[in-house]
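coords_27.cif (mmCIF, C-alpha atoms) appears below.
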```cif
data_input
#
loop_
_atom_site.label_atom_id
_atom_site.label_comp_id
_atom_site.auth_asym_id
_atom_site.auth_seq_id
_atom_site.Cartn_x
_atom_site.Cartn_y
_atom_site.Cartn_z
CA MET A 1 2.31 13.59 5.38
CA ALA A 2 4.57 12.80 8.31
CA LYS A 3 7.03 9.96 8.03
CA HIS A 4 6.53 7.04 10.39
CA LYS A 5 9.19 6.78 13.09
CA GLY A 6 10.43 4.02 15.38
CA ARG A 7 9.43 1.05 13.29
CA ALA A 8 12.08 -1.59 13.99
CA TRP A 9 10.14 -4.07 11.88
CA HIS A 10 11.10 -2.15 8.76
CA VAL A 11 14.78 -2.60 9.56
CA ARG A 12 14.17 -6.33 9.28
CA LEU A 13 12.33 -5.80 6.02
CA LEU A 14 15.28 -3.86 4.62
CA ALA A 15 17.60 -6.70 5.60
CA ALA A 16 15.30 -9.27 4.01
CA ALA A 17 15.27 -7.29 0.79
CA LEU A 18 19.04 -6.91 0.47
CA GLY A 19 19.21 -9.85 -1.92
CA VAL A 20 16.64 -8.26 -4.20
CA THR A 21 18.43 -4.91 -4.06
CA ALA A 22 21.79 -6.49 -4.80
CA MET A 23 20.42 -8.26 -7.86
CA ALA A 24 19.17 -4.97 -9.26
CA ALA A 25 22.13 -2.80 -8.25
CA GLY A 26 23.99 -3.05 -11.53
CA ALA A 27 21.06 -2.72 -13.90
CA SER A 28 17.47 -1.60 -13.98
CA VAL A 29 15.14 -4.59 -14.05
CA TRP A 30 12.51 -2.60 -15.90
CA THR A 31 12.69 0.52 -17.97
CA ALA A 32 12.93 3.55 -15.72
CA GLN A 33 11.74 5.95 -18.38
CA ALA A 34 8.59 7.48 -16.95
CA GLY A 35 5.85 7.75 -19.52
CA THR A 36 6.65 4.40 -21.15
CA ALA A 37 5.35 0.92 -20.48
CA GLU A 38 7.52 -1.18 -22.74
CA GLY A 39 8.66 -3.77 -20.22
CA PRO A 40 12.30 -4.80 -19.66
CA ARG A 41 15.25 -3.86 -21.85
CA ALA A 42 18.69 -5.31 -22.28
CA GLY A 43 20.42 -6.44 -19.10
CA VAL A 44 17.26 -7.20 -17.13
CA SER A 45 17.05 -9.73 -14.34
CA SER A 46 16.51 -13.30 -15.52
CA GLU A 47 13.28 -13.35 -13.51
CA ALA A 48 11.81 -10.40 -15.37
CA LYS A 49 9.23 -11.11 -18.05
CA PRO A 50 7.59 -8.74 -20.51
CA GLN A 51 4.36 -7.27 -19.21
CA GLU A 52 1.31 -6.02 -21.03
CA ARG A 53 1.13 -2.40 -22.00
CA VAL A 54 -0.44 -0.33 -19.27
CA THR A 55 -2.36 2.92 -19.30
CA GLU A 56 -0.62 5.86 -17.69
CA VAL A 57 -2.55 7.50 -14.86
CA ALA A 58 -2.42 10.90 -13.17
CA VAL A 59 0.88 11.72 -11.47
CA ASP A 60 -0.48 13.79 -8.58
CA ILE A 61 -1.03 12.15 -5.19
CA ALA A 62 -4.60 10.88 -4.87
CA HIS A 63 -6.67 11.42 -1.75
CA ALA A 64 -10.24 11.54 -3.06
CA SER A 65 -12.70 8.64 -3.14
CA ASP A 66 -14.44 7.25 -6.20
CA ARG A 67 -17.65 7.40 -4.16
CA GLY A 68 -17.65 11.18 -4.13
CA ALA A 69 -17.91 13.68 -1.30
CA LYS A 70 -19.30 11.16 1.19
CA GLY A 71 -16.95 8.40 0.16
CA VAL A 72 -14.28 6.92 2.42
CA ASN A 73 -11.24 4.84 1.46
CA ILE A 74 -9.95 2.27 3.94
CA THR A 75 -6.29 1.53 3.22
CA ILE A 76 -4.28 -1.23 4.89
CA ASP A 77 -0.47 -1.09 4.79
CA ASP A 78 2.68 -3.20 5.10
CA GLY A 79 1.31 -6.72 4.70
CA PRO A 80 0.37 -9.27 3.91
CA ASP A 81 0.95 -10.88 7.30
CA PRO A 82 0.03 -14.54 7.97
CA ASN A 83 -1.54 -13.74 11.36
CA TRP A 84 -3.20 -10.36 10.97
CA THR A 85 -4.19 -10.13 7.30
CA PRO A 86 -6.67 -13.05 7.48
CA GLN A 87 -8.30 -11.44 10.52
CA VAL A 88 -8.56 -8.08 8.76
CA LEU A 89 -10.05 -9.78 5.71
CA ARG A 90 -12.69 -11.56 7.81
CA LEU A 91 -13.63 -8.33 9.54
CA LEU A 92 -13.93 -6.45 6.24
CA LYS A 93 -16.01 -9.23 4.73
CA ASP A 94 -18.36 -9.32 7.72
CA SER A 95 -18.69 -5.53 7.48
CA GLY A 96 -19.29 -5.49 3.73
CA VAL A 97 -16.33 -3.19 3.18
CA LYS A 98 -13.76 -3.19 0.38
CA ALA A 99 -10.30 -1.78 1.05
CA THR A 100 -7.00 -1.03 -0.65
CA PHE A 101 -4.07 -3.15 0.55
CA CYS A 102 -0.67 -1.46 0.18
CA MET A 103 1.71 -4.41 0.08
CA VAL A 104 5.44 -4.65 0.66
CA GLY A 105 7.07 -6.66 -2.11
CA THR A 106 8.95 -9.09 0.13
CA GLN A 107 5.78 -9.79 2.11
CA ALA A 108 3.76 -10.42 -1.04
CA GLN A 109 6.46 -12.76 -2.31
CA ALA A 110 6.47 -14.66 0.99
CA TYR A 111 2.67 -15.04 1.22
CA PRO A 112 1.21 -15.28 -2.30
CA ASP A 113 -1.90 -17.14 -1.12
CA LEU A 114 -2.82 -14.14 1.01
CA VAL A 115 -2.33 -11.78 -1.93
CA LYS A 116 -4.66 -13.95 -3.99
CA LYS A 117 -7.19 -13.96 -1.14
CA VAL A 118 -7.14 -10.16 -0.98
CA VAL A 119 -7.91 -10.03 -4.71
CA ALA A 120 -10.56 -12.76 -4.51
CA ASP A 121 -12.39 -10.79 -1.81
CA GLY A 122 -12.69 -7.81 -4.12
CA HIS A 123 -10.06 -5.53 -2.61
CA ARG A 124 -7.48 -3.56 -4.59
CA LEU A 125 -3.70 -3.82 -4.55
CA CYS A 126 -1.23 -1.02 -3.97
CA ASN A 127 2.55 -1.10 -4.42
CA HIS A 128 4.33 -0.17 -1.16
CA THR A 129 7.88 -0.87 -2.49
CA VAL A 130 10.18 -3.83 -1.99
CA SER A 131 11.42 -3.07 1.51
CA HIS A 132 9.55 -0.06 2.96
CA ASP A 133 12.53 2.27 3.05
CA THR A 134 11.15 5.53 4.47
CA ALA A 135 14.31 7.34 3.36
CA MET A 136 14.02 6.34 -0.29
CA ASP A 137 13.29 9.95 -1.26
CA THR A 138 16.94 10.68 -0.41
CA LYS A 139 18.24 7.85 -2.61
CA SER A 140 19.15 7.72 -6.30
CA GLU A 141 16.61 7.41 -9.07
CA ALA A 142 18.02 3.96 -9.86
CA TYR A 143 17.28 2.85 -6.30
CA GLN A 144 13.77 4.32 -6.40
CA SER A 145 13.15 2.55 -9.70
CA GLN A 146 14.30 -0.78 -8.29
CA GLN A 147 12.10 -0.42 -5.21
CA ILE A 148 8.98 0.45 -7.20
CA LEU A 149 9.34 -1.77 -10.26
CA ASP A 150 10.61 -4.87 -8.49
CA ALA A 151 7.72 -4.58 -6.02
CA GLU A 152 5.28 -4.25 -8.92
CA ARG A 153 6.66 -7.47 -10.38
CA MET A 154 6.60 -9.29 -7.03
CA ILE A 155 3.04 -8.28 -6.18
CA THR A 156 1.75 -9.06 -9.67
CA LYS A 157 3.36 -12.49 -9.62
CA ALA A 158 2.05 -13.26 -6.13
CA SER A 159 -1.48 -12.22 -7.09
CA GLY A 160 -1.56 -14.49 -10.11
CA GLY A 161 -1.36 -11.64 -12.60
CA VAL A 162 -3.38 -8.83 -10.99
CA ARG A 163 -1.36 -5.62 -11.06
CA PRO A 164 -1.33 -3.02 -8.27
CA GLN A 165 -3.42 0.03 -9.17
CA TYR A 166 -1.73 2.45 -6.78
CA TYR A 167 1.70 3.34 -5.41
CA ARG A 168 2.15 4.53 -1.83
CA ALA A 169 5.62 5.71 -0.87
CA PRO A 170 6.82 4.41 2.54
CA GLY A 171 6.18 7.08 5.13
CA GLY A 172 5.06 9.44 2.36
CA ALA A 173 8.59 9.57 0.88
CA PHE A 174 7.42 10.53 -2.60
CA THR A 175 9.62 12.28 -5.13
CA PRO A 176 8.63 13.81 -8.48
CA TYR A 177 10.57 10.99 -10.14
CA SER A 178 8.89 8.17 -8.18
CA ARG A 179 5.43 9.62 -8.77
CA LYS A 180 6.03 9.95 -12.50
CA LEU A 181 7.49 6.45 -12.75
CA ALA A 182 4.60 4.85 -10.85
CA ALA A 183 2.03 6.76 -12.90
CA SER A 184 3.69 5.62 -16.11
CA ARG A 185 3.13 2.03 -14.94
CA GLY A 186 -0.57 2.64 -14.24
CA MET A 187 -0.14 3.05 -10.47
CA ARG A 188 -1.71 6.25 -9.12
CA PRO A 189 0.36 7.77 -6.30
CA LEU A 190 -1.70 7.36 -3.14
CA GLY A 191 -1.62 9.49 -0.02
CA TRP A 192 -3.76 9.55 3.10
CA ASN A 193 -5.85 12.07 5.03
CA VAL A 194 -6.31 10.30 8.36
CA ASP A 195 -3.36 8.55 10.00
CA THR A 196 -4.59 6.40 12.88
CA LYS A 197 -0.97 5.82 13.98
CA ASP A 198 -1.99 2.27 14.82
CA PHE A 199 1.65 1.17 14.36
CA GLU A 200 2.36 3.00 17.63
CA ARG A 201 -0.50 1.15 19.39
CA PRO A 202 -1.86 4.34 21.00
CA GLY A 203 -4.99 2.61 22.29
CA VAL A 204 -8.28 1.75 20.59
CA ASP A 205 -10.13 4.78 21.94
CA THR A 206 -7.42 7.12 20.64
CA MET A 207 -7.49 5.57 17.20
CA VAL A 208 -11.27 5.74 16.96
CA ALA A 209 -11.24 9.35 18.16
CA THR A 210 -8.63 10.20 15.51
CA VAL A 211 -10.84 8.91 12.72
CA LYS A 212 -13.91 10.69 14.06
CA SER A 213 -12.11 14.00 14.44
CA GLU A 214 -10.07 13.92 11.23
CA ILE A 215 -12.35 12.30 8.63
CA SER A 216 -13.49 15.79 7.67
CA ASN A 217 -9.93 16.37 6.42
CA GLY A 218 -10.44 13.87 3.61
CA PRO A 219 -11.59 10.34 2.88
CA THR A 220 -8.46 8.17 2.88
CA VAL A 221 -7.81 6.44 6.21
CA LEU A 222 -4.56 4.63 7.03
CA PHE A 223 -4.41 1.37 9.01
CA HIS A 224 -1.86 -1.49 9.10
CA ASP A 225 -2.08 -5.28 8.97
CA ALA A 226 1.61 -6.01 9.61
CA GLY A 227 4.61 -4.79 11.56
CA GLY A 228 3.62 -6.03 15.00
CA ASP A 229 0.58 -6.65 17.18
CA ARG A 230 -2.44 -5.38 15.23
CA SER A 231 -5.12 -6.31 17.78
CA GLN A 232 -5.81 -2.63 18.46
CA THR A 233 -6.26 -2.07 14.73
CA LEU A 234 -8.88 -4.80 14.55
CA ALA A 235 -10.71 -3.46 17.58
CA ALA A 236 -10.66 0.07 16.17
CA LEU A 237 -11.96 -1.08 12.80
CA ARG A 238 -14.86 -2.87 14.50
CA GLN A 239 -15.95 0.49 15.89
CA VAL A 240 -14.95 2.79 13.06
CA LEU A 241 -16.56 0.97 10.14
CA PRO A 242 -20.14 0.97 11.49
CA TRP A 243 -19.72 4.55 12.77
CA LEU A 244 -18.70 5.76 9.32
CA ARG A 245 -21.70 4.05 7.78
CA GLU A 246 -23.98 5.60 10.38
CA GLN A 247 -22.60 9.02 9.39
CA GLY A 248 -23.69 8.43 5.81
CA TYR A 249 -20.32 7.50 4.34
CA ALA A 250 -20.02 4.98 1.50
CA PHE A 251 -16.91 2.81 1.28
CA GLY A 252 -15.00 3.08 -1.97
CA PHE A 253 -11.57 3.14 -3.54
CA PRO A 254 -9.14 6.00 -4.15
CA VAL A 255 -9.59 7.76 -7.46
CA ARG A 256 -7.27 6.79 -10.31
#
```
What is this structure when it is put down as C-alpha cells?
Amino acid sequence: MAKHKGRAWHVRLLAAALGVTAMAAGASVWTAQAGTAEGPRAGVSSEAKPQERVTEVAVDIAHASDRGAKGVNITIDDGPDPNWTPQVLRLLKDSGVKATFCMVGTQAQAYPDLVKKVVADGHRLCNHTVSHDTAMDTKSEAYQSQQILDAERMITKASGGVRPQYYRAPGGAFTPYSRKLAASRGMRPLGWNVDTKDFERPGVDTMVATVKSEISNGPTVLFHDAGGDRSQTLAALRQVLPWLREQGYAFGFPVR
C-alpha cells in the first residue's frame, strides 16, 4: 500500500494534535502490552477511564469482505468533517449502503455529533490515529501506542461508547507492533485494495475508472470525507455504488 503524499491538511492535523501528544509523552495513557485489555495503569492521563475487557482479533491486515467473494467494503477516511461527512452520509443512506468510517481522533473529538450520526446510520467505526502521521512507522513504540490508544479513547467517547472495530494506519504505515497492539484492543488492522486517490482530485471519470478496473484486486475501496474539497468523491460515489450493485456486488464490512 502506497503512502499518501502531498497532503498539507495533515500537517495541520499534526499541529492540532500536539497538545494530545505532549500530554502522553511522559507516560502511556493505556497499557501498551499487546495481548492484554486491562485498561490504564499507574501514571495514566486524568482523562483516561477504565474500559471494558475486549476480545482480541486477528493481527493480520484485513482486506476481505464479510459478504464473501462478491462483497465490497466502502471505507471513508480522515473525517468526520462538518461539511462533507453529512453529504456522504446522505448519499450512502439514499443508496442503501453501509460503510466503514476511519476517523482521525482530533476530528472525532471536534465533531462528536457526527460520530454519533455515523453510528446511528448503521456504519462502523475505524481508528485512524490521533493525528494521521504517515511516518508513524518510523517512530517509537511509545509514540505509536499514544497515537492508537488515545484515538481509540477519543473516538469511543465521541460516539457515546461505541468502540472502533478496526485500525487503519495513516498511509498504510503499519508496523508489527502497531498491528499487534490494535488487535489486542479488538481493532482488526484494515488495509485497502482499491485506492481512488480522491485526495488528489484526479477527476470523477478517473476515480470511477479506477474502481471499475481495480475492484477485481479485492473488495476494500478507499474514499475520503475530509482533507479538502470532496465534491469529486461524492460525484464518483454516485456512479460507483449503483455500478457495483449492477455487477452483482453486495455491500458489507471488512472481516474481523
Legend entry - atom CA of Tyr249 of chain A to atom CA of Asp94 of chain A, straight-line distance in Å: 17.3 Å
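When the distance limit is 8 Å and all atoms listed in the file are what count, the residues near Val104 of chain A, minus those fewer than 2 positions from it on the same chain, are Asp78, Gly79, Pro80, Cys102, Thr106, Gln107, Ala108, Asn127, His128, Thr129, Val130, Ser131, His132 and Ala151 of chain A.
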Inset, instruction - Take the PyMOL selection byres ((chain A and resi 188) around 10), apply it to the structure above, and return the hits as a PyMOL selection string. - result: chain A and resi 56-62+126-127+164-168+179-187+189-191+254-256
Inset, instruction - Provide the atom CA of Asp195 of chain A to atom CA of Asp121 of chain A distance in Å, to one decimal place. - result: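 Answer for the atom CA of Asp195 of chain A to atom CA of Asp121 of chain A separation: 24.4 Å.
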Inset, instruction - Using atom CA of Leu149 of chain A and atom CA of Asn73 of chain A as the two end points, give the distance in Å to one decimal. - result: 24.6 Å
Inset, instruction - Evaluate the PyMOL selection byres ((chain A and resi 238) around 12) and record the selected residues as a ChimeraX atom specification, following the chain and residue labels used in the document. - result: /A:87-88,90-97,204-205,207-208,231-237,239-245
Output of the above residues as a tab-separated table (two decimals), in the coordinates of the input, restricted to C-alpha atoms:
```tsv
chain	number	residue	atom	x	y	z
A	87	GLN	CA	-8.30	-11.44	10.52
A	88	VAL	CA	-8.56	-8.08	8.76
A	90	ARG	CA	-12.69	-11.56	7.81
A	91	LEU	CA	-13.63	-8.33	9.54
A	92	LEU	CA	-13.93	-6.45	6.24
A	93	LYS	CA	-16.01	-9.23	4.73
A	94	ASP	CA	-18.36	-9.32	7.72
A	95	SER	CA	-18.69	-5.53	7.48
A	96	GLY	CA	-19.29	-5.49	3.73
A	97	VAL	CA	-16.33	-3.19	3.18
A	204	VAL	CA	-8.28	1.75	20.59
A	205	ASP	CA	-10.13	4.78	21.94
A	207	MET	CA	-7.49	5.57	17.20
A	208	VAL	CA	-11.27	5.74	16.96
A	231	SER	CA	-5.12	-6.31	17.78
A	232	GLN	CA	-5.81	-2.63	18.46
A	233	THR	CA	-6.26	-2.07	14.73
A	234	LEU	CA	-8.88	-4.80	14.55
A	235	ALA	CA	-10.71	-3.46	17.58
A	236	ALA	CA	-10.66	0.07	16.17
A	237	LEU	CA	-11.96	-1.08	12.80
A	239	GLN	CA	-15.95	0.49	15.89
A	240	VAL	CA	-14.95	2.79	13.06
A	241	LEU	CA	-16.56	0.97	10.14
A	242	PRO	CA	-20.14	0.97	11.49
A	243	TRP	CA	-19.72	4.55	12.77
A	244	LEU	CA	-18.70	5.76	9.32
A	245	ARG	CA	-21.70	4.05	7.78
```
From the block you just saw, export segment 121-145 of chain A: N, CA and C atoms, as a JSON list (two decimals), in the first residue's frame.
```json
[["chain", "number", "residue", "atom", "x", "y", "z"],
["A", 121, "ASP", "N", -26.57, 5.62, 11.84],
["A", 121, "ASP", "CA", -26.94, 5.19, 10.49],
["A", 121, "ASP", "C", -26.48, 3.77, 10.16],
["A", 122, "GLY", "N", -25.87, 3.11, 11.12],
["A", 122, "GLY", "CA", -25.51, 1.71, 10.92],
["A", 122, "GLY", "C", -24.14, 1.45, 10.34],
["A", 123, "HIS", "N", -23.29, 2.47, 10.29],
["A", 123, "HIS", "CA", -21.94, 2.30, 9.78],
["A", 123, "HIS", "C", -21.01, 1.88, 10.91],
["A", 124, "ARG", "N", -19.82, 1.43, 10.56],
["A", 124, "ARG", "CA", -18.84, 1.01, 11.55],
["A", 124, "ARG", "C", -17.72, 2.04, 11.68],
["A", 125, "LEU", "N", -17.08, 2.02, 12.86],
["A", 125, "LEU", "CA", -16.00, 2.95, 13.16],
["A", 125, "LEU", "C", -14.65, 2.26, 13.05],
["A", 126, "CYS", "N", -13.68, 3.04, 12.59],
["A", 126, "CYS", "CA", -12.30, 2.57, 12.46],
["A", 126, "CYS", "C", -11.38, 3.64, 13.02],
["A", 127, "ASN", "N", -10.39, 3.23, 13.76],
["A", 127, "ASN", "CA", -9.40, 4.10, 14.38],
["A", 127, "ASN", "C", -8.34, 4.46, 13.33],
["A", 128, "HIS", "N", -8.18, 5.77, 13.06],
["A", 128, "HIS", "CA", -7.20, 6.23, 12.06],
["A", 128, "HIS", "C", -6.14, 7.11, 12.73],
["A", 129, "THR", "N", -5.90, 6.87, 14.01],
["A", 129, "THR", "CA", -4.92, 7.54, 14.87],
["A", 129, "THR", "C", -5.34, 8.95, 15.27],
["A", 130, "VAL", "N", -4.55, 9.53, 16.16],
["A", 130, "VAL", "CA", -4.85, 10.86, 16.67],
["A", 130, "VAL", "C", -4.66, 11.93, 15.60],
["A", 131, "SER", "N", -3.56, 11.86, 14.86],
["A", 131, "SER", "CA", -3.18, 12.99, 14.03],
["A", 131, "SER", "C", -2.79, 12.65, 12.60],
["A", 132, "HIS", "N", -3.01, 11.40, 12.18],
["A", 132, "HIS", "CA", -2.74, 10.98, 10.80],
["A", 132, "HIS", "C", -1.29, 11.26, 10.40],
["A", 133, "ASP", "N", -0.38, 10.73, 11.19],
["A", 133, "ASP", "CA", 1.04, 10.86, 10.91],
["A", 133, "ASP", "C", 1.46, 9.69, 10.02],
["A", 134, "THR", "N", 1.70, 9.97, 8.73],
["A", 134, "THR", "CA", 2.03, 8.90, 7.79],
["A", 134, "THR", "C", 3.45, 8.37, 7.97],
["A", 135, "ALA", "N", 4.21, 8.98, 8.87],
["A", 135, "ALA", "CA", 5.56, 8.50, 9.17],
["A", 135, "ALA", "C", 5.62, 7.80, 10.53],
["A", 136, "MET", "N", 4.47, 7.44, 11.08],
["A", 136, "MET", "CA", 4.48, 6.88, 12.42],
["A", 136, "MET", "C", 5.16, 5.52, 12.48],
["A", 137, "ASP", "N", 5.31, 4.86, 11.34],
["A", 137, "ASP", "CA", 6.02, 3.58, 11.34],
["A", 137, "ASP", "C", 7.52, 3.75, 11.57],
["A", 138, "THR", "N", 8.00, 4.99, 11.52],
["A", 138, "THR", "CA", 9.41, 5.27, 11.81],
["A", 138, "THR", "C", 9.61, 5.77, 13.25],
["A", 139, "LYS", "N", 8.52, 5.90, 13.99],
["A", 139, "LYS", "CA", 8.58, 6.46, 15.33],
["A", 139, "LYS", "C", 8.63, 5.35, 16.38],
["A", 140, "SER", "N", 8.83, 5.74, 17.63],
["A", 140, "SER", "CA", 8.97, 4.79, 18.73],
["A", 140, "SER", "C", 7.66, 4.05, 18.99],
["A", 141, "GLU", "N", 7.78, 2.94, 19.69],
["A", 141, "GLU", "CA", 6.59, 2.19, 20.08],
["A", 141, "GLU", "C", 5.71, 3.01, 21.03],
["A", 142, "ALA", "N", 6.34, 3.81, 21.89],
["A", 142, "ALA", "CA", 5.56, 4.67, 22.79],
["A", 142, "ALA", "C", 4.70, 5.65, 22.00],
["A", 143, "TYR", "N", 5.28, 6.22, 20.94],
["A", 143, "TYR", "CA", 4.53, 7.16, 20.10],
["A", 143, "TYR", "C", 3.40, 6.43, 19.37],
["A", 144, "GLN", "N", 3.68, 5.27, 18.82],
["A", 144, "GLN", "CA", 2.64, 4.51, 18.13],
["A", 144, "GLN", "C", 1.50, 4.17, 19.09],
["A", 145, "SER", "N", 1.86, 3.78, 20.30],
["A", 145, "SER", "CA", 0.86, 3.46, 21.31],
["A", 145, "SER", "C", -0.02, 4.66, 21.61]]
```
